[in-house]
Every structure is written in C-alpha cells, then in structure tokens.
file my_file-v9.cif (mmCIF, C-alpha atoms)
data_query
loop_
_atom_site.label_atom_id
_atom_site.label_comp_id
_atom_site.auth_asym_id
_atom_site.auth_seq_id
_atom_site.Cartn_x
_atom_site.Cartn_y
_atom_site.Cartn_z
CA MET Y 1 0.00 0.00 0.00
CA ASP Y 2 1.13 3.56 -0.62
CA SER Y 3 2.87 5.48 2.12
CA LEU Y 4 0.65 7.42 4.52
CA ASP Y 5 2.93 10.43 4.22
CA PRO Y 6 0.53 13.25 3.21
CA ASN Y 7 3.21 14.64 0.90
CA SER Y 8 3.22 11.45 -1.17
CA ARG Y 9 -0.33 11.95 -2.55
CA PRO Y 10 -2.60 14.83 -3.50
CA HIS Y 11 -3.87 16.77 -0.48
CA SER Y 12 -7.52 15.97 -1.27
CA GLU Y 13 -7.01 12.21 -0.96
CA ASP Y 14 -7.83 10.90 2.51
CA PRO Y 15 -5.63 7.96 3.58
CA LEU Y 16 -8.61 6.14 5.10
CA THR Y 17 -10.54 6.48 1.85
CA GLN Y 18 -7.50 5.27 -0.08
CA ALA Y 19 -7.23 2.21 2.14
CA LEU Y 20 -10.94 1.52 1.93
CA ALA Y 21 -10.74 1.50 -1.85
CA GLN Y 22 -8.23 -1.35 -1.60
CA THR Y 23 -10.14 -3.49 0.87
CA ARG Y 24 -13.41 -3.00 2.72
CA SER Y 25 -13.51 -6.26 4.61
CA LYS Y 26 -11.06 -5.41 7.41
CA GLY Y 27 -10.97 -2.90 10.19
CA PHE Y 28 -9.10 0.31 9.38
CA SER Y 29 -6.60 -0.25 12.18
CA GLU Y 30 -5.52 -3.46 10.46
CA ILE Y 31 -5.55 -1.92 6.98
CA LEU Y 32 -3.42 1.07 7.92
CA ASN Y 33 -1.25 -0.71 10.47
CA VAL Y 34 -2.15 1.98 13.01
CA GLU Y 35 -0.63 1.56 16.44
CA ARG Y 36 -3.26 2.36 19.05
CA PRO Y 37 -2.10 4.48 21.99
CA SER Y 38 -2.54 2.95 25.41
CA LYS Y 39 -5.65 3.64 27.45
CA GLU Y 40 -3.54 5.77 29.78
CA GLU Y 41 -2.25 7.85 26.86
CA ALA Y 42 -5.78 8.35 25.59
CA MET Y 43 -6.95 9.43 29.05
CA ALA Y 44 -4.08 11.91 29.25
CA ALA Y 45 -5.19 13.38 25.92
CA VAL Y 46 -8.70 13.88 27.31
CA ARG Y 47 -7.28 15.70 30.33
CA THR Y 48 -5.40 17.99 27.94
CA LEU Y 49 -8.63 18.77 26.06
CA LEU Y 50 -10.45 19.47 29.32
CA ALA Y 51 -7.76 21.95 30.32
CA TRP Y 52 -7.78 23.50 26.83
CA ALA Y 53 -11.56 23.97 27.13
CA GLY Y 54 -10.90 26.05 30.22
CA ASP Y 55 -11.76 23.67 33.03
CA ASP Y 56 -9.77 21.94 35.73
CA PRO Y 57 -9.37 18.22 34.95
CA THR Y 58 -8.47 17.57 38.59
CA ARG Y 59 -11.72 18.83 40.08
CA GLU Y 60 -14.14 16.31 41.54
CA GLY Y 61 -16.67 16.32 38.71
CA LEU Y 62 -14.00 15.69 36.05
CA ILE Y 63 -11.71 13.22 37.81
CA ASP Y 64 -13.33 10.18 36.13
CA THR Y 65 -14.24 11.95 32.87
CA PRO Y 66 -11.14 10.78 30.93
CA LYS Y 67 -11.92 7.15 31.80
CA ARG Y 68 -15.57 7.58 30.78
CA VAL Y 69 -14.64 9.27 27.51
CA VAL Y 70 -12.17 6.54 26.56
CA GLU Y 71 -14.74 3.86 27.35
CA ALA Y 72 -17.32 5.73 25.26
CA TYR Y 73 -14.85 5.92 22.36
CA ASP Y 74 -14.36 2.15 22.61
CA GLU Y 75 -18.08 1.78 21.92
CA TRP Y 76 -18.59 4.63 19.47
CA PHE Y 77 -15.68 3.52 17.27
CA SER Y 78 -15.88 -0.25 17.71
CA GLY Y 79 -16.39 -0.62 13.96
CA TYR Y 80 -12.66 -0.25 13.42
CA GLN Y 81 -12.15 -3.65 15.03
CA ALA Y 82 -15.02 -5.42 13.22
CA ASP Y 83 -15.16 -7.19 9.84
CA PRO Y 84 -18.31 -6.65 7.74
CA ALA Y 85 -17.34 -9.43 5.32
CA LYS Y 86 -17.28 -11.91 8.19
CA GLU Y 87 -20.81 -10.87 9.16
CA LEU Y 88 -21.99 -11.57 5.61
CA SER Y 89 -20.10 -14.83 5.16
CA ARG Y 90 -22.83 -17.19 6.36
CA THR Y 91 -25.51 -17.43 3.69
CA PHE Y 92 -28.53 -19.60 2.92
CA GLU Y 93 -29.56 -21.02 -0.46
CA ASP Y 94 -32.88 -22.64 0.42
CA VAL Y 95 -35.26 -19.73 -0.24
CA GLN Y 96 -38.02 -21.74 -1.95
CA GLY Y 97 -37.69 -19.82 -5.20
CA TYR Y 98 -37.97 -16.35 -3.66
CA ASP Y 99 -36.95 -13.84 -6.36
CA ASP Y 100 -37.88 -10.38 -5.07
CA MET Y 101 -36.02 -7.74 -3.09
CA VAL Y 102 -35.05 -8.22 0.54
CA MET Y 103 -35.29 -4.92 2.40
CA LEU Y 104 -34.63 -3.67 5.91
CA ARG Y 105 -36.13 -0.33 6.94
CA HIS Y 106 -35.48 2.07 9.81
CA ILE Y 107 -32.03 0.73 10.76
CA ASP Y 108 -30.54 3.04 13.38
CA VAL Y 109 -27.49 4.98 12.24
CA GLU Y 110 -25.28 6.33 15.04
CA SER Y 111 -22.06 7.69 13.62
CA HIS Y 112 -19.55 10.54 13.95
CA CYS Y 113 -18.40 12.88 11.20
CA GLU Y 114 -14.70 12.72 10.48
CA HIS Y 115 -14.39 16.50 10.23
CA HIS Y 116 -15.56 17.57 13.71
CA MET Y 117 -16.07 14.21 15.47
CA ALA Y 118 -19.65 15.33 16.11
CA SER Y 119 -22.35 12.70 15.96
CA PHE Y 120 -24.82 12.26 13.14
CA LEU Y 121 -27.94 10.25 13.79
CA GLY Y 122 -30.57 8.85 11.48
CA LYS Y 123 -31.99 5.85 9.70
CA ALA Y 124 -30.75 3.54 6.95
CA TYR Y 125 -32.84 1.67 4.42
CA VAL Y 126 -31.08 -1.24 2.73
CA ALA Y 127 -32.29 -3.64 0.04
CA TYR Y 128 -30.73 -6.23 -2.21
CA MET Y 129 -32.04 -8.47 -4.98
CA PRO Y 130 -30.73 -11.96 -4.19
CA THR Y 131 -29.52 -14.48 -6.72
CA ALA Y 132 -28.86 -17.95 -5.34
CA LYS Y 133 -28.26 -17.00 -1.70
CA VAL Y 134 -29.51 -14.75 1.07
CA VAL Y 135 -28.04 -13.67 4.38
CA GLY Y 136 -29.63 -13.44 7.81
CA ILE Y 137 -31.44 -10.11 8.06
CA SER Y 138 -29.68 -9.18 11.31
CA LYS Y 139 -26.37 -9.29 9.43
CA ILE Y 140 -27.46 -6.43 7.17
CA ALA Y 141 -28.20 -4.31 10.22
CA ARG Y 142 -24.85 -5.35 11.68
CA VAL Y 143 -23.01 -4.18 8.55
CA VAL Y 144 -24.67 -0.77 8.88
CA GLU Y 145 -23.59 -0.67 12.52
CA ILE Y 146 -19.97 -1.64 11.78
CA PHE Y 147 -19.45 1.08 9.19
CA SER Y 148 -21.39 3.61 11.28
CA LYS Y 149 -19.11 3.06 14.26
CA ARG Y 150 -16.15 4.62 12.47
CA LEU Y 151 -15.34 8.23 11.68
CA GLN Y 152 -17.37 8.86 8.56
CA THR Y 153 -18.90 11.08 5.98
CA GLN Y 154 -22.47 10.11 5.17
CA GLU Y 155 -21.62 9.76 1.49
CA THR Y 156 -18.81 7.31 2.21
CA LEU Y 157 -20.92 5.39 4.70
CA THR Y 158 -23.69 4.91 2.15
CA LYS Y 159 -21.28 3.56 -0.46
CA GLN Y 160 -19.43 1.30 1.99
CA ILE Y 161 -22.64 -0.46 3.02
CA ALA Y 162 -23.68 -1.07 -0.60
CA ASP Y 163 -20.21 -2.22 -1.65
CA ALA Y 164 -19.88 -4.67 1.24
CA ILE Y 165 -23.18 -6.35 0.34
CA GLU Y 166 -22.31 -6.32 -3.35
CA GLN Y 167 -18.93 -7.96 -2.80
CA SER Y 168 -20.06 -10.59 -0.30
CA LEU Y 169 -23.42 -11.67 -1.73
CA ALA Y 170 -23.02 -10.94 -5.47
CA PRO Y 171 -26.70 -9.95 -5.72
CA LEU Y 172 -28.47 -8.63 -8.82
CA GLY Y 173 -28.41 -5.21 -7.22
CA VAL Y 174 -28.20 -3.22 -3.99
CA ALA Y 175 -30.01 -0.09 -2.83
CA VAL Y 176 -29.08 2.01 0.21
CA LEU Y 177 -30.65 5.22 1.51
CA ILE Y 178 -29.53 7.07 4.64
CA ASP Y 179 -31.41 10.01 6.18
CA ALA Y 180 -29.49 11.62 9.04
CA GLU Y 181 -29.16 14.79 11.11
CA HIS Y 182 -25.63 16.08 11.61
CA GLN Y 183 -24.81 17.74 14.92
CA CYS Y 184 -21.80 19.45 13.38
CA MET Y 185 -24.43 21.51 11.54
CA THR Y 186 -27.19 21.69 14.15
CA THR Y 187 -25.18 22.48 17.31
CA ARG Y 188 -22.32 24.54 15.84
CA GLY Y 189 -21.47 26.52 12.74
CA VAL Y 190 -24.65 27.50 10.89
CA HIS Y 191 -26.90 26.13 13.69
CA HIS Y 192 -29.60 24.92 11.32
CA LYS Y 193 -31.78 22.55 13.31
CA ASN Y 194 -34.21 19.99 11.88
CA VAL Y 195 -32.22 19.72 8.65
CA THR Y 196 -31.46 16.17 7.50
CA THR Y 197 -29.16 14.88 4.80
CA VAL Y 198 -30.26 12.13 2.41
CA THR Y 199 -27.75 10.00 0.49
CA THR Y 200 -28.41 7.06 -1.83
CA ARG Y 201 -26.49 4.34 -3.60
CA PHE Y 202 -27.92 2.06 -6.30
CA THR Y 203 -26.17 -0.80 -8.08
CA GLY Y 204 -27.23 -3.43 -10.61
CA VAL Y 205 -30.96 -3.73 -11.23
CA PHE Y 206 -31.73 -0.97 -8.72
CA LYS Y 207 -29.76 1.39 -10.94
CA SER Y 208 -30.96 0.14 -14.33
CA ASP Y 209 -34.61 -0.56 -13.48
CA LEU Y 210 -36.19 2.78 -12.57
CA ALA Y 211 -39.48 1.14 -11.61
CA LEU Y 212 -37.68 -1.05 -9.07
CA GLN Y 213 -35.73 1.96 -7.83
CA ASP Y 214 -38.99 3.89 -7.42
CA ARG Y 215 -40.51 0.96 -5.52
CA PHE Y 216 -37.56 0.97 -3.13
CA MET Y 217 -37.92 4.72 -2.60
CA ARG Y 218 -41.63 4.32 -1.84
CA PHE Y 219 -40.82 1.65 0.73
CA CYS Y 220 -38.49 4.20 2.39
CA GLN Y 221 -41.39 6.55 3.07
CA PRO Y 222 -42.84 6.67 6.61
#

call {"tool": "encode", "arguments": {"input": "my_file-v9.cif", "output": "structure tokens"}}
result
Amino acid sequence: MDSLDPNSRPHSEDPLTQALAQTRSKGFSEILNVERPSKEEAMAAVRTLLAWAGDDPTREGLIDTPKRVVEAYDEWFSGYQADPAKELSRTFEDVQGYDDMVMLRHIDVESHCEHHMASFLGKAYVAYMPTAKVVGISKIARVVEIFSKRLQTQETLTKQIADAIEQSLAPLGVAVLIDAEHQCMTTRGVHHKNVTTVTTRFTGVFKSDLALQDRFMRFCQP
C-alpha cells in the first residue's frame, strides 16, 4: 500500500478512503497498520482537552471523565475492530424460489463525522435483490452498525454499506438510503436545526430498473 505520508499523494485524498478503496472487509486499524495508543495515553489526551476547554481536569466532577470518555470511544468507534465481510459470510440457499427484493427499513445509524467528530444520527434503508443466496437479516443491520461506528462522511458510509453487500453476496443489485441529522451543523457553525441529509447508492438492477428503484424509494417513506 502507498505510504501514509501526506506529501506522497494529492492533499484531497484521505488515507482512510484510499485504504478503503483497496479493501473493505477489514478494520481500518488493520488496513493502515495503526498503532493504538494505550488507554492511559488516551486518558491523558482527554485531560489535555479538558484543560484546553478552560476547566480543571483535577476537580471532583471531572476526575473520572477521561476514563468515561475513553470507554465511550471504545463503543462509538468499535467498527474499526469489526469485519463486515465476516458478518456476511454465512448465507442460505434454500429460499423456496424467492426472487424479489429483501429490504430492511429504519435501521438506526449512530455515527460521527470525520471532520468535527460530532455525531450524526438517522436511519438507513437497505435492500438487495438476491440471486442464489440470502443472508440473515440481522447481518445487514450489523453491517450498517460496523461502518457507522467509524469516523465517517455520510456519502462514504452509504457507499461502503452497498459495496460490502455487493462484494459478499453478489446480488443482482443493492439499494441504500440514509437520512441523518448532523450535529456538526445543528449544534455549531450555521446552527440549522431539523435539517437532515439524504444520500443514496444504487447498483445493478436498482440502478438500471427505474421502476424497481422507485418501488424501493416508496418503501423508504414513513
């Protein structure tokens, strides 16, 4: 893989995106060979941020905050240690001739934007048109969760989910829609509340068959 030196590639190319383009089945820490700091080092970094914010990290109310923050990060960013391809590896071929779309609606999306590390929250709608095999429906939700629990842009997240299903199941097509509210926009900056962002990704028959695409979009409605 190319060097991660930012001077070795155009400034606009994100190393994580570069790595993802090469392989989407592994956690980023494994892809990029990133050495994780120790828990103690991470807690020290939180104390530095608390002091930078203007507070006293040694006062009673903040003594345990670094530990809580690090534990929260373990959960919020657990997707770096998970493998979406593994989740999709167990499939079933006995579907009694079923030949229509399989769709999950209202999958919770809890992610963090990579620009401000602010959360964005919403729903994902995922469908695929199976060929000879299907996967357990909980695994589709799990794939959404794995990619969501990494630093993300919503556009990248949408594509990653579709690509993972495409690569693992080889379906006739995949459709993904995400509708989310970004706190980097609602709680800072322009402070526009109640604004959501919608992103979509269509492959195969969902891209070529506009009637099928429209059917999927109608199923995404409340």

call {"tool": "residues_around", "arguments": {"input": "my_file-v9.cif", "residues": "stretch 50-52 of chain Y", "least_positions_apart": "5", "cutoff": "10 Å", "atoms": "all atoms listed in the file", "output": "ChimeraX atom specification"}}
result
/Y:44-45,57-58,62,65-66

call {"tool": "atom_distance", "arguments": {"input": "my_file-v9.cif", "atom1": "atom CA of Y:Arg68", "atom2": "atom CA of Y:Arg188"}}
result
23.6 Å

call {"tool": "atom_distance", "arguments": {"input": "my_file-v9.cif", "atom1": "atom CA of Y:Gly136", "atom2": "atom CA of Y:Gln160"}}
result
18.8 Å

call {"tool": "resolve_selection", "arguments": {"input": "my_file-v9.cif", "expression": "the PyMOL selection byres ((chain Y and resi 170) around 12)", "output": "list in words"}}
result
Leu88, Ser89, Thr91, Tyr128, Met129, Pro130, Thr131, Ala132, Lys133, Val134, Val135, Ala162, Asp163, Ala164, Ile165, Glu166, Gln167, Ser168, Leu169, Pro171, Leu172, Gly173, Val174, Thr203 and Gly204 of chain Y

call {"tool": "residues_around", "arguments": {"input": "my_file-v9.cif", "residues": "stretch 196-199 of chain Y", "least_positions_apart": "6", "cutoff": "7 Å", "atoms": "all atoms listed in the file", "output": "MDAnalysis selection string"}}
result
chainID Y and resid 155 158 177:181

call {"tool": "closest_residue", "arguments": {"input": "my_file-v9.cif", "among": "Y:Ile140, Y:Asp83, Y:Thr186, Y:Thr156", "to": "Y:Val102", "atoms": "only C-alpha atoms"}}
result
Y:Ile140
